[in-house]
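Structure file upload_24.tsv with TSV, C-alpha atoms and all ligand atoms:
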```
chain	number	residue	atom	x	y	z
V	29	MET	CA	6.70	-37.81	3.76
V	30	ARG	CA	5.93	-34.67	5.65
V	31	ARG	CA	4.32	-31.99	3.56
V	32	ILE	CA	5.12	-28.45	4.39
V	33	LYS	CA	2.03	-26.38	4.12
V	34	ARG	CA	2.81	-22.98	2.79
V	35	ALA	CA	1.34	-20.17	4.78
V	36	VAL	CA	-1.00	-18.50	2.34
V	37	PRO	CA	-2.92	-15.73	4.02
V	38	ASP	CA	-6.63	-15.62	3.36
V	39	ARG	CA	-8.27	-12.42	2.20
V	40	SER	CA	-9.11	-11.16	5.65
V	41	HIS	CA	-5.52	-11.59	6.76
V	42	VAL	CA	-4.30	-9.71	3.71
V	43	ALA	CA	-6.81	-6.95	4.40
V	44	ILE	CA	-5.47	-6.57	7.93
V	45	CYS	CA	-1.90	-6.50	6.67
V	46	CYS	CA	-2.89	-3.85	4.14
V	47	ALA	CA	-4.59	-1.76	6.79
V	48	VAL	CA	-1.52	-1.92	8.99
V	49	ALA	CA	0.83	-1.13	6.14
V	50	VAL	CA	-1.38	1.69	4.88
V	51	PHE	CA	-1.54	3.09	8.38
V	52	CYS	CA	2.27	3.01	8.58
V	53	VAL	CA	2.56	4.75	5.24
V	54	SER	CA	-0.02	7.35	6.27
V	55	ALA	CA	2.15	8.20	9.25
V	56	ALA	CA	4.61	9.52	6.73
V	57	SER	CA	3.69	12.72	4.98
V	58	ALA	CA	2.63	13.02	1.36
V	59	ALA	CA	5.99	14.63	0.75
V	60	ASP	CA	7.45	11.15	1.00
V	61	PHE	CA	6.16	10.49	-2.49
V	62	ALA	CA	9.46	11.91	-3.67
V	63	ALA	CA	11.38	9.59	-1.35
V	64	VAL	CA	9.55	6.52	-2.67
V	65	ASP	CA	9.84	7.68	-6.27
V	66	ALA	CA	13.47	6.60	-6.49
V	67	ASN	CA	14.05	7.55	-10.12
V	68	GLY	CA	12.15	10.83	-9.82
V	69	ASP	CA	9.89	10.29	-12.83
V	70	GLY	CA	6.81	11.36	-10.87
V	71	LEU	CA	5.38	7.84	-10.79
V	72	ILE	CA	5.86	5.05	-8.30
V	73	ASP	CA	6.27	1.71	-9.99
V	74	ARG	CA	5.93	-1.69	-8.40
V	75	ALA	CA	9.66	-2.04	-7.71
V	76	GLU	CA	9.86	1.36	-6.03
V	77	PHE	CA	6.80	0.64	-3.92
V	78	GLY	CA	8.40	-2.31	-2.19
V	79	ASP	CA	8.34	-6.05	-2.49
V	80	GLY	CA	6.40	-8.89	-0.98
V	81	ALA	CA	2.89	-10.29	-1.32
V	82	VAL	CA	1.42	-7.60	0.94
V	83	GLY	CA	3.06	-4.95	-1.20
V	84	ASP	CA	1.37	-6.49	-4.23
V	85	GLU	CA	-2.05	-6.19	-2.65
V	86	ILE	CA	-1.52	-2.61	-1.53
V	87	PHE	CA	-0.06	-1.60	-4.87
V	88	LYS	CA	-3.15	-2.94	-6.66
V	89	GLU	CA	-5.38	-1.03	-4.24
V	90	TRP	CA	-3.50	2.21	-4.67
V	91	ASP	CA	-3.08	1.97	-8.43
V	92	ARG	CA	-6.67	2.96	-9.13
V	93	ASN	CA	-6.44	3.02	-12.91
V	94	GLN	CA	-4.31	-0.14	-13.00
V	95	ASP	CA	-1.66	1.38	-15.25
V	96	GLY	CA	1.14	-0.15	-13.23
V	97	HIS	CA	2.14	3.12	-11.60
V	98	ILE	CA	0.98	5.13	-8.62
V	99	ASP	CA	0.83	8.80	-9.51
V	100	ARG	CA	0.60	11.67	-7.04
V	101	ALA	CA	-3.20	11.80	-7.22
V	102	GLU	CA	-3.46	8.10	-6.45
V	103	TRP	CA	-0.90	8.48	-3.67
V	104	ARG	CA	-2.80	11.38	-2.08
V	105	ARG	CA	-6.09	9.57	-2.40
V	106	ALA	CA	-4.69	6.47	-0.71
V	107	LEU	CA	-3.26	8.55	2.11
V	108	GLN	CA	-6.56	10.35	2.57
V	109	LEU	CA	-8.45	7.07	2.67
V	110	SER	CA	-6.03	5.64	5.20
V	111	GLU	CA	-6.39	8.76	7.35
V	112	LEU	CA	-10.17	8.44	7.25
V	113	GLU	CA	-9.79	4.78	8.14
V	114	SER	CA	-7.55	5.51	11.11
V	115	GLU	CA	-9.90	8.28	12.30
V	116	ARG	CA	-12.80	5.84	12.10
V	117	ARG	CA	-10.82	3.31	14.12
V	118	GLY	CA	-9.93	5.97	16.66
V	119	GLN	CA	-13.58	6.85	17.16
V	120	GLY	CA	-14.76	3.25	17.17
Y	1	CA	CA	9.51	6.30	-10.32
Y	2	CA	CA	-2.10	4.44	-11.69
```

As structure tokens, how would this structure be written, given the file I've shared?
Amino acid sequence: MRRIKRAVPDRSHVAICCAVAVFCVSAASAADFAAVDANGDGLIDRAEFGDGAVGDEIFKEWDRNQDGHIDRAEWRRALQLSELESERRGQG
């Protein structure tokens, strides 16, 4: 019987995916918080953030206090970090 090996990304692969996704998000302005916050409660929950395994990883990274929501401060911080990261890449 042929076993189908499920493609489970290792940590480095996930990190790259996160970096790419974070970079894409950083291309959008911080004002997009409102666009992501579908129900307008001022917090981005996991469902609003987007689905998929990569989304899980990024959400955990961005949700600094692990309360299950990304607030504006966490959102801004993540965007700032991703901007620093992209600047570093640009110089490297
Ligand atoms: Ca919300
Ligand atoms: Ca949080």

Taking a cut-off of 10 Å and counting only C-alpha atoms and all ligand atoms, can you build a table that, for each residue of chain V near ligand CA 1 (chain Y), reports the nearest atom pair and how far apart they are in Å (one decimal), sorted by chain then residue number, as JSON lines?
```
{"residue": "V:Phe61", "atom": "CA", "partner": "Y:CA1", "partner_atom": "CA", "distance": 9.5}
{"residue": "V:Ala62", "atom": "CA", "partner": "Y:CA1", "partner_atom": "CA", "distance": 8.7}
{"residue": "V:Ala63", "atom": "CA", "partner": "Y:CA1", "partner_atom": "CA", "distance": 9.7}
{"residue": "V:Val64", "atom": "CA", "partner": "Y:CA1", "partner_atom": "CA", "distance": 7.7}
{"residue": "V:Asp65", "atom": "CA", "partner": "Y:CA1", "partner_atom": "CA", "distance": 4.3}
{"residue": "V:Ala66", "atom": "CA", "partner": "Y:CA1", "partner_atom": "CA", "distance": 5.5}
{"residue": "V:Asn67", "atom": "CA", "partner": "Y:CA1", "partner_atom": "CA", "distance": 4.7}
{"residue": "V:Gly68", "atom": "CA", "partner": "Y:CA1", "partner_atom": "CA", "distance": 5.3}
{"residue": "V:Asp69", "atom": "CA", "partner": "Y:CA1", "partner_atom": "CA", "distance": 4.7}
{"residue": "V:Gly70", "atom": "CA", "partner": "Y:CA1", "partner_atom": "CA", "distance": 5.8}
{"residue": "V:Leu71", "atom": "CA", "partner": "Y:CA1", "partner_atom": "CA", "distance": 4.4}
{"residue": "V:Ile72", "atom": "CA", "partner": "Y:CA1", "partner_atom": "CA", "distance": 4.4}
{"residue": "V:Asp73", "atom": "CA", "partner": "Y:CA1", "partner_atom": "CA", "distance": 5.6}
{"residue": "V:Arg74", "atom": "CA", "partner": "Y:CA1", "partner_atom": "CA", "distance": 9.0}
{"residue": "V:Ala75", "atom": "CA", "partner": "Y:CA1", "partner_atom": "CA", "distance": 8.7}
{"residue": "V:Glu76", "atom": "CA", "partner": "Y:CA1", "partner_atom": "CA", "distance": 6.6}
{"residue": "V:Phe77", "atom": "CA", "partner": "Y:CA1", "partner_atom": "CA", "distance": 9.0}
{"residue": "V:His97", "atom": "CA", "partner": "Y:CA1", "partner_atom": "CA", "distance": 8.1}
{"residue": "V:Ile98", "atom": "CA", "partner": "Y:CA1", "partner_atom": "CA", "distance": 8.8}
{"residue": "V:Asp99", "atom": "CA", "partner": "Y:CA1", "partner_atom": "CA", "distance": 9.1}
```

Which chains and residue numbers are within 10 Å of ligand CA 2 (chain Y), counting all atoms listed in the file, if I want them as an mmCIF file with C-alpha atoms, keeping the file's coordinate frame?
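Full text of part_29.cif as output:
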```cif
data_model
loop_
_atom_site.group_PDB
_atom_site.id
_atom_site.type_symbol
_atom_site.label_atom_id
_atom_site.label_comp_id
_atom_site.auth_asym_id
_atom_site.auth_seq_id
_atom_site.Cartn_x
_atom_site.Cartn_y
_atom_site.Cartn_z
ATOM 1 C CA LEU V 71 5.380 7.840 -10.790
ATOM 2 C CA ILE V 72 5.860 5.050 -8.300
ATOM 3 C CA ASP V 73 6.270 1.710 -9.990
ATOM 4 C CA PHE V 87 -0.060 -1.600 -4.870
ATOM 5 C CA LYS V 88 -3.150 -2.940 -6.660
ATOM 6 C CA GLU V 89 -5.380 -1.030 -4.240
ATOM 7 C CA TRP V 90 -3.500 2.210 -4.670
ATOM 8 C CA ASP V 91 -3.080 1.970 -8.430
ATOM 9 C CA ARG V 92 -6.670 2.960 -9.130
ATOM 10 C CA ASN V 93 -6.440 3.020 -12.910
ATOM 11 C CA GLN V 94 -4.310 -0.140 -13.000
ATOM 12 C CA ASP V 95 -1.660 1.380 -15.250
ATOM 13 C CA GLY V 96 1.140 -0.150 -13.230
ATOM 14 C CA HIS V 97 2.140 3.120 -11.600
ATOM 15 C CA ILE V 98 0.980 5.130 -8.620
ATOM 16 C CA ASP V 99 0.830 8.800 -9.510
ATOM 17 C CA ARG V 100 0.600 11.670 -7.040
ATOM 18 C CA ALA V 101 -3.200 11.800 -7.220
ATOM 19 C CA GLU V 102 -3.460 8.100 -6.450
ATOM 20 C CA TRP V 103 -0.900 8.480 -3.670
#
```

Let me know the centre plus edge lengths, in Å and rounded to one decimal, of a box with edges along x, y and z that contains all listed atoms of region 71-74 of chain V and is padded by 6 Å on every side, as AutoDock Vina command-line options.
```
--center_x 5.8 --center_y 3.1 --center_z -9.5 --size_x 12.9 --size_y 21.5 --size_z 14.5
```
